[in-house]
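Heads up, input-v5.txt below (compact mmCIF, C-alpha atoms and all ligand atoms):
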# COMPACT_ATOMS: atom_id res chain seq x y z
CA MET C 26 13.86 -6.24 -14.14
CA SER C 27 14.05 -9.10 -11.72
CA THR C 28 13.73 -8.14 -8.10
CA ALA C 29 14.99 -11.45 -6.79
CA ALA C 30 18.39 -11.65 -5.17
CA ASP C 31 21.11 -12.87 -7.51
CA PRO C 32 21.67 -16.58 -6.79
CA ALA C 33 25.38 -16.35 -7.65
CA PRO C 34 26.87 -13.47 -5.67
CA ARG C 35 28.98 -11.33 -7.94
CA ARG C 36 29.90 -7.75 -8.51
CA TYR C 37 28.60 -5.65 -11.38
CA ALA C 38 27.51 -2.11 -12.11
CA LEU C 39 24.28 -0.75 -13.55
CA ARG C 40 24.48 2.57 -15.31
CA ALA C 41 21.53 4.74 -16.38
CA ARG C 42 20.82 8.28 -17.50
CA LEU C 43 18.94 8.82 -14.24
CA VAL C 44 19.34 6.87 -11.00
CA ALA C 45 17.30 7.47 -7.83
CA SER C 46 19.44 9.34 -5.34
CA PRO C 47 20.35 7.24 -2.30
CA ALA C 48 19.85 10.37 -0.16
CA PRO C 49 16.34 10.57 1.37
CA GLY C 50 14.19 13.38 -0.01
CA ARG C 51 16.29 13.84 -3.14
CA GLY C 52 15.37 13.16 -6.76
CA PHE C 53 17.53 11.64 -9.46
CA VAL C 54 21.27 11.54 -9.97
CA GLY C 55 22.10 12.31 -13.61
CA ASP C 56 24.35 9.82 -15.43
CA GLY C 57 24.21 7.62 -12.36
CA ALA C 58 25.29 4.15 -11.47
CA VAL C 59 24.76 1.45 -8.89
CA ILE C 60 27.47 -1.02 -7.98
CA VAL C 61 25.97 -4.33 -6.91
CA ASN C 62 27.92 -6.82 -4.84
CA GLY C 63 26.13 -10.12 -4.49
CA ALA C 64 22.57 -9.44 -3.37
CA ARG C 65 23.24 -5.92 -2.07
CA VAL C 66 23.96 -2.41 -3.25
CA GLU C 67 27.59 -1.52 -2.62
CA ALA C 68 27.49 2.06 -3.89
CA CYS C 69 25.17 4.44 -5.75
CA GLY C 70 25.92 7.85 -7.20
CA PRO C 71 27.21 9.71 -10.24
CA TRP C 72 29.10 7.47 -12.68
CA ARG C 73 32.04 9.85 -12.71
CA GLU C 74 32.51 9.23 -8.96
CA LEU C 75 32.02 5.47 -9.09
CA ARG C 76 33.89 4.76 -12.31
CA ALA C 77 37.26 4.17 -10.64
CA GLN C 78 35.86 1.51 -8.29
CA ALA C 79 33.44 -0.04 -10.77
CA PRO C 80 33.90 -3.68 -11.79
CA ARG C 81 34.47 -4.60 -15.41
CA ASP C 82 30.88 -5.87 -15.76
CA VAL C 83 29.00 -2.62 -16.47
CA ARG C 84 25.47 -2.86 -17.88
CA ASP C 85 24.22 0.29 -19.51
CA LEU C 86 20.46 0.60 -19.00
CA GLY C 87 20.09 3.68 -21.17
CA ASP C 88 17.34 6.24 -20.70
CA ALA C 89 14.81 4.56 -18.40
CA PRO C 90 15.43 5.78 -14.83
CA LEU C 91 16.67 3.17 -12.36
CA LEU C 92 14.80 3.12 -9.05
CA PRO C 93 14.56 0.84 -6.06
CA ALA C 94 11.92 -1.84 -6.50
CA THR C 95 8.50 -0.50 -5.57
CA VAL C 96 6.63 -1.29 -2.34
CA ASN C 97 2.89 -1.85 -2.71
CA ALA C 98 1.45 -0.75 0.63
CA HIS C 99 -2.10 -2.02 0.20
CA THR C 100 -3.29 -5.16 -1.56
CA HIS C 101 -5.92 -7.83 -0.91
CA LEU C 102 -4.39 -10.79 -2.76
CA GLU C 103 -7.10 -13.17 -1.55
CA LEU C 104 -9.48 -11.34 -3.92
CA SER C 105 -7.23 -11.93 -6.94
CA HIS C 106 -9.67 -14.35 -8.56
CA LEU C 107 -12.21 -11.54 -8.91
CA GLY C 108 -12.16 -8.92 -11.61
CA LEU C 109 -13.59 -5.43 -11.65
CA PRO C 110 -17.33 -5.02 -11.10
CA PRO C 111 -19.50 -4.79 -14.21
CA PHE C 112 -20.14 -1.10 -13.41
CA ARG C 113 -17.97 1.83 -12.47
CA ALA C 114 -18.13 4.65 -9.96
CA ARG C 115 -21.48 3.93 -8.33
CA GLY C 116 -20.19 4.61 -4.86
CA PHE C 117 -18.94 2.46 -1.98
CA LEU C 118 -22.23 0.85 -0.95
CA GLU C 119 -23.04 -0.39 -4.44
CA TRP C 120 -19.53 -1.81 -4.74
CA VAL C 121 -19.82 -3.57 -1.37
CA ARG C 122 -23.20 -5.04 -2.31
CA TRP C 123 -21.62 -6.40 -5.49
CA LEU C 124 -18.51 -7.65 -3.66
CA ILE C 125 -20.30 -9.63 -0.97
CA ALA C 126 -22.30 -11.44 -3.66
CA GLN C 127 -19.04 -12.76 -5.17
CA PRO C 128 -17.45 -16.12 -4.25
CA LEU C 129 -15.00 -14.47 -1.86
CA ASN C 130 -13.34 -17.66 -0.63
CA ASP C 131 -12.55 -19.15 -4.00
CA ALA C 132 -9.06 -17.86 -4.82
CA SER C 133 -6.90 -20.83 -5.82
CA ASP C 134 -3.15 -21.10 -5.28
CA GLN C 135 -2.81 -20.45 -9.01
CA ASP C 136 -4.79 -17.20 -8.64
CA LEU C 137 -2.52 -16.12 -5.80
CA ASP C 138 0.64 -17.13 -7.69
CA ARG C 139 -0.50 -15.22 -10.77
CA ALA C 140 -1.11 -12.08 -8.70
CA CYS C 141 2.27 -12.36 -6.97
CA ALA C 142 4.00 -12.89 -10.32
CA ALA C 143 2.28 -9.75 -11.62
CA LEU C 144 3.54 -7.80 -8.61
CA ALA C 145 7.11 -8.95 -9.21
CA ALA C 146 6.91 -8.39 -12.97
CA SER C 147 5.84 -4.78 -12.42
CA GLY C 148 8.97 -4.08 -10.36
CA THR C 149 7.49 -4.59 -6.88
CA ALA C 150 9.69 -6.24 -4.25
CA ALA C 151 7.44 -5.97 -1.20
CA ALA C 152 3.76 -5.82 -0.35
CA ALA C 153 1.53 -5.21 2.63
CA ASP C 154 -1.40 -7.53 2.10
CA ILE C 155 -4.71 -7.39 3.93
CA ALA C 156 -6.11 -10.84 4.62
CA THR C 157 -9.39 -11.76 6.27
CA ARG C 158 -9.94 -15.25 4.84
CA ARG C 159 -6.68 -16.68 3.50
CA PRO C 160 -3.73 -15.29 5.48
CA LEU C 161 -1.63 -18.45 5.37
CA ASP C 162 -2.28 -19.10 1.68
CA THR C 163 -1.37 -15.54 0.69
CA HIS C 164 1.75 -15.69 2.87
CA ARG C 165 2.83 -18.91 1.14
CA ALA C 166 2.21 -17.45 -2.31
CA LEU C 167 4.26 -14.36 -1.43
CA VAL C 168 7.07 -16.61 -0.22
CA ARG C 169 6.94 -18.65 -3.44
CA ALA C 170 7.24 -15.43 -5.43
CA GLY C 171 10.23 -14.24 -3.39
CA LEU C 172 8.43 -11.08 -2.30
CA ALA C 173 9.09 -9.36 1.01
CA HIS C 174 5.75 -8.99 2.73
CA VAL C 175 3.61 -8.52 5.75
CA VAL C 176 0.23 -10.21 5.94
CA GLN C 177 -2.15 -7.87 7.74
CA PHE C 178 -4.79 -10.07 9.35
CA GLU C 179 -7.87 -7.91 9.38
CA ARG C 180 -10.33 -7.38 12.20
CA PHE C 181 -13.88 -6.80 10.98
CA GLY C 182 -17.23 -6.40 12.70
CA CYS C 183 -18.02 -6.80 16.37
CA GLN C 184 -18.25 -10.55 16.76
CA GLU C 185 -15.61 -12.61 18.49
CA GLU C 186 -12.05 -11.98 17.36
CA PRO C 187 -10.72 -14.88 15.28
CA PRO C 188 -7.54 -16.64 16.44
CA LEU C 189 -4.23 -15.58 14.95
CA PRO C 190 -3.32 -17.47 11.80
CA PRO C 191 -0.12 -19.56 11.77
CA VAL C 192 1.73 -17.05 9.60
CA PRO C 193 5.38 -16.82 10.80
CA ALA C 194 5.79 -13.94 13.23
CA PRO C 195 7.97 -11.60 11.13
CA HIS C 196 5.31 -11.61 8.40
CA LEU C 197 2.22 -11.14 10.54
CA ALA C 198 0.48 -7.94 11.58
CA LEU C 199 -3.08 -7.09 12.60
CA ALA C 200 -5.22 -4.58 10.74
CA GLY C 201 -8.56 -2.94 11.33
CA HIS C 202 -11.07 -2.76 8.51
CA ALA C 203 -12.45 0.69 9.24
CA LEU C 204 -13.85 2.86 12.02
CA GLY C 205 -17.49 2.26 11.10
CA SER C 206 -17.10 -1.47 10.48
CA THR C 207 -14.83 -2.77 13.27
CA CYS C 208 -15.47 -2.46 17.00
CA PRO C 209 -13.34 0.21 18.68
CA GLU C 210 -11.88 -2.28 21.16
CA PHE C 211 -10.79 -4.57 18.32
CA LEU C 212 -9.07 -1.64 16.61
CA GLN C 213 -7.33 -0.64 19.82
CA ARG C 214 -6.18 -4.19 20.56
CA ALA C 215 -4.90 -4.70 17.00
CA HIS C 216 -3.05 -1.38 17.10
CA ALA C 217 -1.46 -2.24 20.46
CA TRP C 218 -0.53 -5.73 19.22
CA ASP C 219 1.23 -4.26 16.20
CA LYS C 220 2.91 -1.53 18.17
CA ALA C 221 4.33 -3.98 20.71
CA ARG C 222 5.98 -5.83 17.82
CA GLY C 223 7.12 -2.84 15.79
CA ARG C 224 4.58 -3.44 13.01
CA ALA C 225 2.52 -0.91 11.12
CA PHE C 226 -1.20 -0.86 11.94
CA SER C 227 -3.24 -0.61 8.74
CA LEU C 228 -6.73 0.88 8.67
CA HIS C 229 -9.02 1.94 5.81
CA LEU C 230 -9.55 5.57 6.80
CA ALA C 231 -11.90 8.17 5.35
CA GLU C 232 -12.39 6.15 2.17
CA HIS C 233 -15.95 7.19 1.40
CA GLU C 234 -18.58 9.63 2.52
CA GLY C 235 -20.81 6.88 3.92
CA GLU C 236 -18.28 6.33 6.70
CA THR C 237 -18.21 10.05 7.46
CA ASP C 238 -22.01 10.09 7.59
CA LEU C 239 -22.17 7.01 9.83
CA LEU C 240 -19.69 8.41 12.36
CA ALA C 241 -21.41 11.79 12.30
CA GLY C 242 -24.66 10.12 13.37
CA GLY C 243 -26.29 10.39 9.95
CA ASP C 244 -28.89 8.09 8.48
CA GLY C 245 -27.69 7.70 4.90
CA PRO C 246 -27.88 4.39 2.98
CA TYR C 247 -24.44 3.19 4.14
CA ALA C 248 -25.15 4.04 7.78
CA ARG C 249 -28.43 2.10 7.60
CA PHE C 250 -26.71 -0.83 5.86
CA MET C 251 -24.03 -1.06 8.54
CA ARG C 252 -26.47 -0.66 11.43
CA GLU C 253 -28.56 -3.50 10.04
CA ARG C 254 -25.73 -5.88 9.17
CA VAL C 255 -22.58 -5.22 11.17
CA LEU C 256 -22.85 -2.83 14.08
CA PRO C 257 -24.06 -3.95 17.49
CA GLU C 258 -27.44 -2.84 18.71
CA GLY C 259 -27.14 0.43 20.55
CA PHE C 260 -24.22 1.62 18.42
CA GLU C 261 -23.71 5.29 19.19
CA ALA C 262 -22.08 7.50 16.61
CA PRO C 263 -19.10 9.43 18.01
CA ARG C 264 -20.11 12.50 15.97
CA THR C 265 -16.59 13.16 14.80
CA SER C 266 -14.79 12.78 11.50
CA PRO C 267 -13.17 9.39 10.83
CA THR C 268 -9.71 10.90 11.32
CA ALA C 269 -10.65 12.52 14.64
CA ARG C 270 -12.25 9.24 15.71
CA ALA C 271 -9.01 7.36 14.97
CA ARG C 272 -7.10 9.93 17.01
CA ASP C 273 -9.59 9.74 19.89
CA LEU C 274 -9.31 5.94 19.99
CA GLY C 275 -5.52 6.17 20.14
CA VAL C 276 -5.01 4.25 16.90
CA LEU C 277 -3.56 7.14 14.87
CA ASP C 278 0.18 7.55 15.34
CA ALA C 279 3.48 7.12 13.53
CA SER C 280 2.90 3.37 13.26
CA THR C 281 -0.44 3.84 11.46
CA LEU C 282 -0.91 3.23 7.77
CA ALA C 283 -4.06 5.20 6.96
CA VAL C 284 -5.36 3.74 3.72
CA HIS C 285 -7.29 5.87 1.18
CA CYS C 286 -7.61 9.22 3.07
CA VAL C 287 -10.13 10.58 0.56
CA HIS C 288 -12.60 12.44 2.76
CA LEU C 289 -10.48 14.79 4.84
CA SER C 290 -11.08 18.32 6.06
CA GLY C 291 -8.18 20.72 6.60
CA GLU C 292 -8.43 19.87 10.28
CA ASP C 293 -8.18 16.14 9.49
CA ILE C 294 -5.04 16.74 7.42
CA ALA C 295 -3.51 18.65 10.34
CA LEU C 296 -4.43 15.74 12.64
CA LEU C 297 -2.76 13.27 10.31
CA ARG C 298 0.34 15.43 10.11
CA ALA C 299 0.55 15.79 13.89
CA SER C 300 0.09 12.04 14.38
CA GLY C 301 3.01 11.07 12.14
CA ALA C 302 0.80 8.52 10.34
CA THR C 303 1.51 7.55 6.75
CA ALA C 304 -1.27 7.96 4.18
CA CYS C 305 -1.61 5.19 1.60
CA LEU C 306 -3.25 6.50 -1.57
CA CYS C 307 -5.15 4.19 -3.95
CA PRO C 308 -6.40 6.53 -6.70
CA ARG C 309 -7.48 3.86 -9.20
CA SER C 310 -9.53 1.94 -6.64
CA ASN C 311 -11.15 5.23 -5.58
CA ALA C 312 -12.06 5.94 -9.20
CA VAL C 313 -13.46 2.45 -9.91
CA ILE C 314 -15.58 2.49 -6.75
CA GLY C 315 -16.49 6.14 -7.19
CA VAL C 316 -15.65 7.57 -3.78
CA GLY C 317 -13.85 10.74 -4.87
CA ARG C 318 -10.20 11.72 -4.96
CA ALA C 319 -7.78 11.99 -2.07
CA PRO C 320 -6.47 15.51 -1.44
CA ALA C 321 -3.00 14.26 -2.24
CA ARG C 322 -1.44 17.64 -2.94
CA ALA C 323 -2.75 19.05 0.34
CA LEU C 324 -1.46 16.00 2.23
CA LEU C 325 1.99 16.31 0.68
CA ASP C 326 2.11 20.06 1.23
CA ALA C 327 1.18 19.55 4.88
CA GLY C 328 4.08 17.12 5.28
CA VAL C 329 2.06 13.92 5.65
CA PRO C 330 4.22 11.00 4.41
CA CYS C 331 2.36 9.32 1.55
CA CYS C 332 2.76 5.97 -0.17
CA LEU C 333 0.78 4.03 -2.76
CA GLY C 334 -1.29 0.85 -2.82
CA THR C 335 -3.15 -0.74 -5.67
CA ASP C 336 -5.90 -2.22 -3.49
CA SER C 337 -7.42 -5.50 -4.73
CA LEU C 338 -8.14 -6.68 -8.26
CA ALA C 339 -11.83 -6.24 -7.35
CA SER C 340 -11.34 -2.48 -7.52
CA SER C 341 -8.11 -2.04 -9.47
CA PRO C 342 -7.33 -3.17 -13.02
CA ASP C 343 -3.86 -4.49 -12.09
CA LEU C 344 -1.24 -4.51 -9.33
CA ASP C 345 1.26 -2.18 -11.03
CA LEU C 346 2.35 0.61 -8.71
CA TYR C 347 3.63 2.70 -11.62
CA ALA C 348 0.11 2.63 -13.08
CA GLU C 349 -1.12 3.80 -9.68
CA LEU C 350 1.32 6.70 -9.75
CA ARG C 351 0.26 7.54 -13.31
CA ALA C 352 -3.36 7.79 -12.12
CA LEU C 353 -2.34 10.04 -9.22
CA LEU C 354 -0.43 12.31 -11.60
CA GLU C 355 -3.63 12.92 -13.55
CA PHE C 356 -4.87 15.16 -10.77
CA THR C 357 -1.80 15.77 -8.59
CA PRO C 358 1.38 17.50 -9.74
CA LEU C 359 4.37 15.73 -8.20
CA SER C 360 8.10 16.37 -7.99
CA ALA C 361 10.64 13.61 -8.59
CA PRO C 362 11.52 13.28 -4.88
CA GLU C 363 7.80 12.99 -4.04
CA ALA C 364 7.32 10.29 -6.67
CA LEU C 365 10.29 8.29 -5.36
CA ALA C 366 8.96 8.49 -1.81
CA LEU C 367 5.47 7.44 -2.97
CA LEU C 368 6.74 4.45 -4.94
CA ALA C 369 9.05 2.93 -2.40
CA GLY C 370 10.70 4.92 0.39
CA ASN C 371 7.77 5.83 2.60
CA ALA C 372 6.09 2.43 2.47
CA ALA C 373 9.37 0.62 3.16
CA ARG C 374 9.93 2.82 6.20
CA VAL C 375 6.48 2.50 7.80
CA LEU C 376 6.21 -1.23 7.01
CA GLY C 377 9.68 -2.03 8.34
CA PHE C 378 11.30 -3.23 5.09
CA ALA C 379 14.61 -1.73 6.21
CA ASP C 380 16.71 -2.86 3.25
CA LEU C 381 14.20 -1.93 0.54
CA GLY C 382 12.86 1.36 -0.79
CA THR C 383 16.32 2.89 -1.28
CA LEU C 384 19.49 2.45 -3.31
CA ALA C 385 21.70 3.35 -0.35
CA PRO C 386 24.69 1.07 0.30
CA GLY C 387 23.56 -2.13 2.02
CA ALA C 388 20.09 -2.12 0.47
CA LEU C 389 18.91 -5.23 -1.34
CA ALA C 390 19.72 -5.13 -5.05
CA ALA C 391 16.06 -4.93 -6.09
CA PHE C 392 15.26 -2.48 -8.84
CA SER C 393 12.48 -1.09 -10.97
CA ARG C 394 12.42 1.14 -14.03
CA MET C 395 10.26 4.24 -14.25
CA PRO C 396 8.23 4.46 -17.49
CA SER C 397 9.21 7.45 -19.62
CA ASP C 398 5.73 9.03 -19.65
CA ILE C 399 5.79 9.20 -15.85
CA LEU C 400 9.23 10.77 -15.84
CA GLU C 401 8.00 13.39 -18.31
CA ALA C 402 4.97 14.16 -16.12
CA LEU C 403 7.06 14.93 -13.03
CA GLY C 404 7.94 18.48 -12.08
CA ASP C 405 11.26 19.63 -10.67
ZN ZN R 1 -8.44 -2.18 0.96
When written as structure tokens, how does the structure in this file appear?
Ligand SMILES: [Zn+2]
Amino acid sequence: MSTAADPAPRRYALRARLVASPAPGRGFVGDGAVIVNGARVEACGPWRELRAQAPRDVRDLGDAPLLPATVNAHTHLELSHLGLPPFRARGFLEWVRWLIAQPLNDASDQDLDRACAALAASGTAAAADIATRRPLDTHRALVRAGLAHVVQFERFGCQEEPPLPPVPAPHLALAGHALGSTCPEFLQRAHAWDKARGRAFSLHLAEHEGETDLLAGGDGPYARFMRERVLPEGFEAPRTSPTARARDLGVLDASTLAVHCVHLSGEDIALLRASGATACLCPRSNAVIGVGRAPARALLDAGVPCCLGTDSLASSPDLDLYAELRALLEFTPLSAPEALALLAGNAARVLGFADLGTLAPGALAAFSRMPSDILEALGD
């Protein structure tokens, strides 16, 4: 279903066997309907309650549940010209070695347009996109596709900070790559920059055990690789977990989008919960790279808000957030309210897409349809 605003404002109703409840934290409304007025949702609820006010134009969508359009909380569109590596699950360092040997700057406008079209076609209305090389080009492609977005200009390494790209202010945020690959001061400055402007601060956190080893002062292959290539001479390991390090640096709070969150202890999960940060899970990227599985059930049970990201096409087969949810369901039982929050609500909230991620009155009329196999896999 198209996620673009209707060019000719008019009033119509969509009816489906299941419609995402407009109330936060709830699941589906049975025999539900959405009344659309122009580009916005006018009302959402049970058909029997809306019938009297419904316009004559009623479109029955049948069995497939009607949801808000999805929000992809972690992409790297500038890598959309790459495909998956010719191997699978060899760990983070092997994947990085492969990645940096690729022509990283070669994405064409057509590559970016194709990726954005795939996002829209899968029912996504908004994306948070990490950019290190092509922030303006990815912004322009997202605009051409009509997708709400924030371009997260990423700080990496310990060299001089690059100047801000000329991406229009409402679409620009700063991101940190990770705790073992970006200087602490850069992370702190990026976090403060975002916070002053009400933006989410995105950081790859606890993605792989090499990062844990590096911060703990270990001497594993990843730690050696980073010491040789990225970290300044005299780098001293903080001897904490990545999550504790983020907390200690002051970059873990309710504005933080902690991406991956695979290698967490119980203490780390409690830290995340106390911070108010949102965890962005990318299960298919984790599987392709071979870094393990995020403790998604433990995060959800602890009350950590979670959302989903596909990551780039260099570690994910496509940009379909429903496919991402399907992969998560393979090892994480989920309720319908949890699935709705993962697909749209939590990412929209932390990223500041105020009129997306919900079917509440006033929201943009941007929808997606949940595949039936996913619906069947959800618990109560
Ligand atoms: Zn990433």
Nearest to Leu144 of chain C, chosen from C:Ala385, C:Leu338, C:Leu75, C:Leu365, with all atoms listed in the file counted in the distances: C:Leu338
Closest-contact table, chain C side, partner ligand ZN 1 (chain R), 9 Å, counting only C-alpha atoms and all ligand atoms, as JSON lines:
{"residue": "C:His99", "atom": "CA", "partner": "R:ZN1", "partner_atom": "ZN", "distance": 6.4}
{"residue": "C:Thr100", "atom": "CA", "partner": "R:ZN1", "partner_atom": "ZN", "distance": 6.5}
{"residue": "C:His101", "atom": "CA", "partner": "R:ZN1", "partner_atom": "ZN", "distance": 6.5}
{"residue": "C:Asp154", "atom": "CA", "partner": "R:ZN1", "partner_atom": "ZN", "distance": 8.9}
{"residue": "C:Ile155", "atom": "CA", "partner": "R:ZN1", "partner_atom": "ZN", "distance": 7.1}
{"residue": "C:His202", "atom": "CA", "partner": "R:ZN1", "partner_atom": "ZN", "distance": 8.0}
{"residue": "C:Leu228", "atom": "CA", "partner": "R:ZN1", "partner_atom": "ZN", "distance": 8.5}
{"residue": "C:His229", "atom": "CA", "partner": "R:ZN1", "partner_atom": "ZN", "distance": 6.4}
{"residue": "C:Val284", "atom": "CA", "partner": "R:ZN1", "partner_atom": "ZN", "distance": 7.2}
{"residue": "C:His285", "atom": "CA", "partner": "R:ZN1", "partner_atom": "ZN", "distance": 8.1}
{"residue": "C:Cys307", "atom": "CA", "partner": "R:ZN1", "partner_atom": "ZN", "distance": 8.7}
{"residue": "C:Ser310", "atom": "CA", "partner": "R:ZN1", "partner_atom": "ZN", "distance": 8.7}
{"residue": "C:Gly334", "atom": "CA", "partner": "R:ZN1", "partner_atom": "ZN", "distance": 8.6}
{"residue": "C:Thr335", "atom": "CA", "partner": "R:ZN1", "partner_atom": "ZN", "distance": 8.6}
{"residue": "C:Asp336", "atom": "CA", "partner": "R:ZN1", "partner_atom": "ZN", "distance": 5.1}
{"residue": "C:Ser337", "atom": "CA", "partner": "R:ZN1", "partner_atom": "ZN", "distance": 6.7}
{"residue": "C:Ser340", "atom": "CA", "partner": "R:ZN1", "partner_atom": "ZN", "distance": 9.0}
Write out as an NGL selection string each polymer residue whose atoms come within 12 Å of Arg270 of chain C, counting all atoms listed in the file; drop sequence neighbours fewer than 4 positions from it. :C and (203-205 or 209 or 212-213 or 230-231 or 236-237 or 239-241 or 262-266 or 274-277 or 293 or 296-297)
Those same residues - C-alpha atoms - I'd like them written as a PDB file, keeping the file's coordinate frame.
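Now in part05.pdb:
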ATOM      1  CA  ALA C 203     -12.450   0.690   9.240  1.00  0.00           C
ATOM      2  CA  LEU C 204     -13.850   2.860  12.020  1.00  0.00           C
ATOM      3  CA  GLY C 205     -17.490   2.260  11.100  1.00  0.00           C
ATOM      4  CA  PRO C 209     -13.340   0.210  18.680  1.00  0.00           C
ATOM      5  CA  LEU C 212      -9.070  -1.640  16.610  1.00  0.00           C
ATOM      6  CA  GLN C 213      -7.330  -0.640  19.820  1.00  0.00           C
ATOM      7  CA  LEU C 230      -9.550   5.570   6.800  1.00  0.00           C
ATOM      8  CA  ALA C 231     -11.900   8.170   5.350  1.00  0.00           C
ATOM      9  CA  GLU C 236     -18.280   6.330   6.700  1.00  0.00           C
ATOM     10  CA  THR C 237     -18.210  10.050   7.460  1.00  0.00           C
ATOM     11  CA  LEU C 239     -22.170   7.010   9.830  1.00  0.00           C
ATOM     12  CA  LEU C 240     -19.690   8.410  12.360  1.00  0.00           C
ATOM     13  CA  ALA C 241     -21.410  11.790  12.300  1.00  0.00           C
ATOM     14  CA  ALA C 262     -22.080   7.500  16.610  1.00  0.00           C
ATOM     15  CA  PRO C 263     -19.100   9.430  18.010  1.00  0.00           C
ATOM     16  CA  ARG C 264     -20.110  12.500  15.970  1.00  0.00           C
ATOM     17  CA  THR C 265     -16.590  13.160  14.800  1.00  0.00           C
ATOM     18  CA  SER C 266     -14.790  12.780  11.500  1.00  0.00           C
ATOM     19  CA  LEU C 274      -9.310   5.940  19.990  1.00  0.00           C
ATOM     20  CA  GLY C 275      -5.520   6.170  20.140  1.00  0.00           C
ATOM     21  CA  VAL C 276      -5.010   4.250  16.900  1.00  0.00           C
ATOM     22  CA  LEU C 277      -3.560   7.140  14.870  1.00  0.00           C
ATOM     23  CA  ASP C 293      -8.180  16.140   9.490  1.00  0.00           C
ATOM     24  CA  LEU C 296      -4.430  15.740  12.640  1.00  0.00           C
ATOM     25  CA  LEU C 297      -2.760  13.270  10.310  1.00  0.00           C
TER      26      LEU C 297
END
Contacts of Thr303 of chain C at 8 Å (all atoms listed in the file; same-chain gap of 6+ positions) as a list in words: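 Counting only the stated atoms, we get Ala279, Ser280, Thr281, Leu282, Ala283, Leu297, Val329, Pro330, Cys331, Cys332, Asn371 and Val375 of chain C.
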Expected file: the selected residues, C-alpha atoms, as an mmCIF file, in the coordinates of the input:
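As written to disk, again.cif reads:
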data_model
loop_
_atom_site.group_PDB
_atom_site.id
_atom_site.type_symbol
_atom_site.label_atom_id
_atom_site.label_comp_id
_atom_site.auth_asym_id
_atom_site.auth_seq_id
_atom_site.Cartn_x
_atom_site.Cartn_y
_atom_site.Cartn_z
ATOM 1 C CA ALA C 279 3.480 7.120 13.530
ATOM 2 C CA SER C 280 2.900 3.370 13.260
ATOM 3 C CA THR C 281 -0.440 3.840 11.460
ATOM 4 C CA LEU C 282 -0.910 3.230 7.770
ATOM 5 C CA ALA C 283 -4.060 5.200 6.960
ATOM 6 C CA LEU C 297 -2.760 13.270 10.310
ATOM 7 C CA VAL C 329 2.060 13.920 5.650
ATOM 8 C CA PRO C 330 4.220 11.000 4.410
ATOM 9 C CA CYS C 331 2.360 9.320 1.550
ATOM 10 C CA CYS C 332 2.760 5.970 -0.170
ATOM 11 C CA ASN C 371 7.770 5.830 2.600
ATOM 12 C CA VAL C 375 6.480 2.500 7.800
#
Do you know which residues are at most 7 Å from segment 63-71 of chain C counting all atoms listed in the file, after dropping those on the same chain fewer than 3 positions away, and could you put them as a list in words? Ala30, Asp31, Pro34, Arg35, Arg36, Ser46, Pro47, Val54, Gly55, Asp56, Gly57, Ala58, Val59, Ile60, Glu74, Leu75, Leu384, Ala385, Pro386, Gly387, Ala388, Leu389 and Ala390 of chain C
What does the distance from atom CA of Leu256 of chain C to atom CA of Phe181 of chain C come to in Å, to one decimal? 10.3 Å
Counting all atoms listed in the file, which of C:Ala302, C:Val83, C:Leu109, C:Val255 gets nearest to Arg374 of chain C?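 Of C:Ala302, C:Val83, C:Leu109, C:Val255, the one nearest Arg374 of chain C, counting all atoms listed in the file, is C:Ala302.
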Atom CA of Asp398 of chain C and atom CA of Ala150 of chain C are how many Å apart?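 Between these atoms lies a distance of 22.0 Å.
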Which polymer residues have any atom within 10 Å of an atom of segment 159-175 of chain C, counting only C-alpha atoms, with same-chain residues fewer than 3 positions away left out, as number ranges by chain? C: 28-30, 96-98, 101-104, 130-145, 149-156, 178-179, 189-199, 224-225, 376-378, 381
In Å to one decimal, how far is atom CA of Thr268 of chain C from atom CA of Pro246 of chain C?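 Separating atom CA of Pro246 of chain C from atom CA of Thr268 of chain C is a distance of 21.0 Å.
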Counting all atoms listed in the file, the residue of C:Leu367, C:Leu124, C:Leu346, C:Ala94 that sits nearest Phe112 of chain C: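 Ranking C:Leu367, C:Leu124, C:Leu346, C:Ala94 by distance to Phe112 of chain C, first place goes to C:Leu124.
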Which is closer to Gly50 of chain C than all the others in C:Pro267, C:Pro93, C:Pro362, C:Pro128, using only C-alpha atoms? C:Pro362
Determine the axis-aligned bounding box of all atoms of segment 248-253 of chain C present in the file, pad each side by 4 Å, and express its centre and edge lengths in Å to one decimal place as AutoDock Vina command-line options.
--center_x -26.3 --center_y 0.3 --center_z 8.6 --size_x 12.5 --size_y 15.5 --size_z 13.6
With distances taken over only C-alpha atoms, which of C:Glu119, C:Ala323, C:Phe392, C:Ala312 is nearest to Glu292 of chain C?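 Ranked by minimum distance to Glu292 of chain C, first place goes to C:Ala323.
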Counting only C-alpha atoms, find residues at most 9 Å from (20.4, 2.4, -20.2) (file frame) and give them as a JSON list (two decimals) with C-alpha atoms, keeping the file's coordinate frame.
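Output (result25.json):
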[["chain", "number", "residue", "atom", "x", "y", "z"],
["C", 39, "LEU", "CA", 24.28, -0.75, -13.55],
["C", 40, "ARG", "CA", 24.48, 2.57, -15.31],
["C", 41, "ALA", "CA", 21.53, 4.74, -16.38],
["C", 42, "ARG", "CA", 20.82, 8.28, -17.50],
["C", 43, "LEU", "CA", 18.94, 8.82, -14.24],
["C", 84, "ARG", "CA", 25.47, -2.86, -17.88],
["C", 85, "ASP", "CA", 24.22, 0.29, -19.51],
["C", 86, "LEU", "CA", 20.46, 0.60, -19.00],
["C", 87, "GLY", "CA", 20.09, 3.68, -21.17],
["C", 88, "ASP", "CA", 17.34, 6.24, -20.70],
["C", 89, "ALA", "CA", 14.81, 4.56, -18.40],
["C", 90, "PRO", "CA", 15.43, 5.78, -14.83],
["C", 91, "LEU", "CA", 16.67, 3.17, -12.36]]
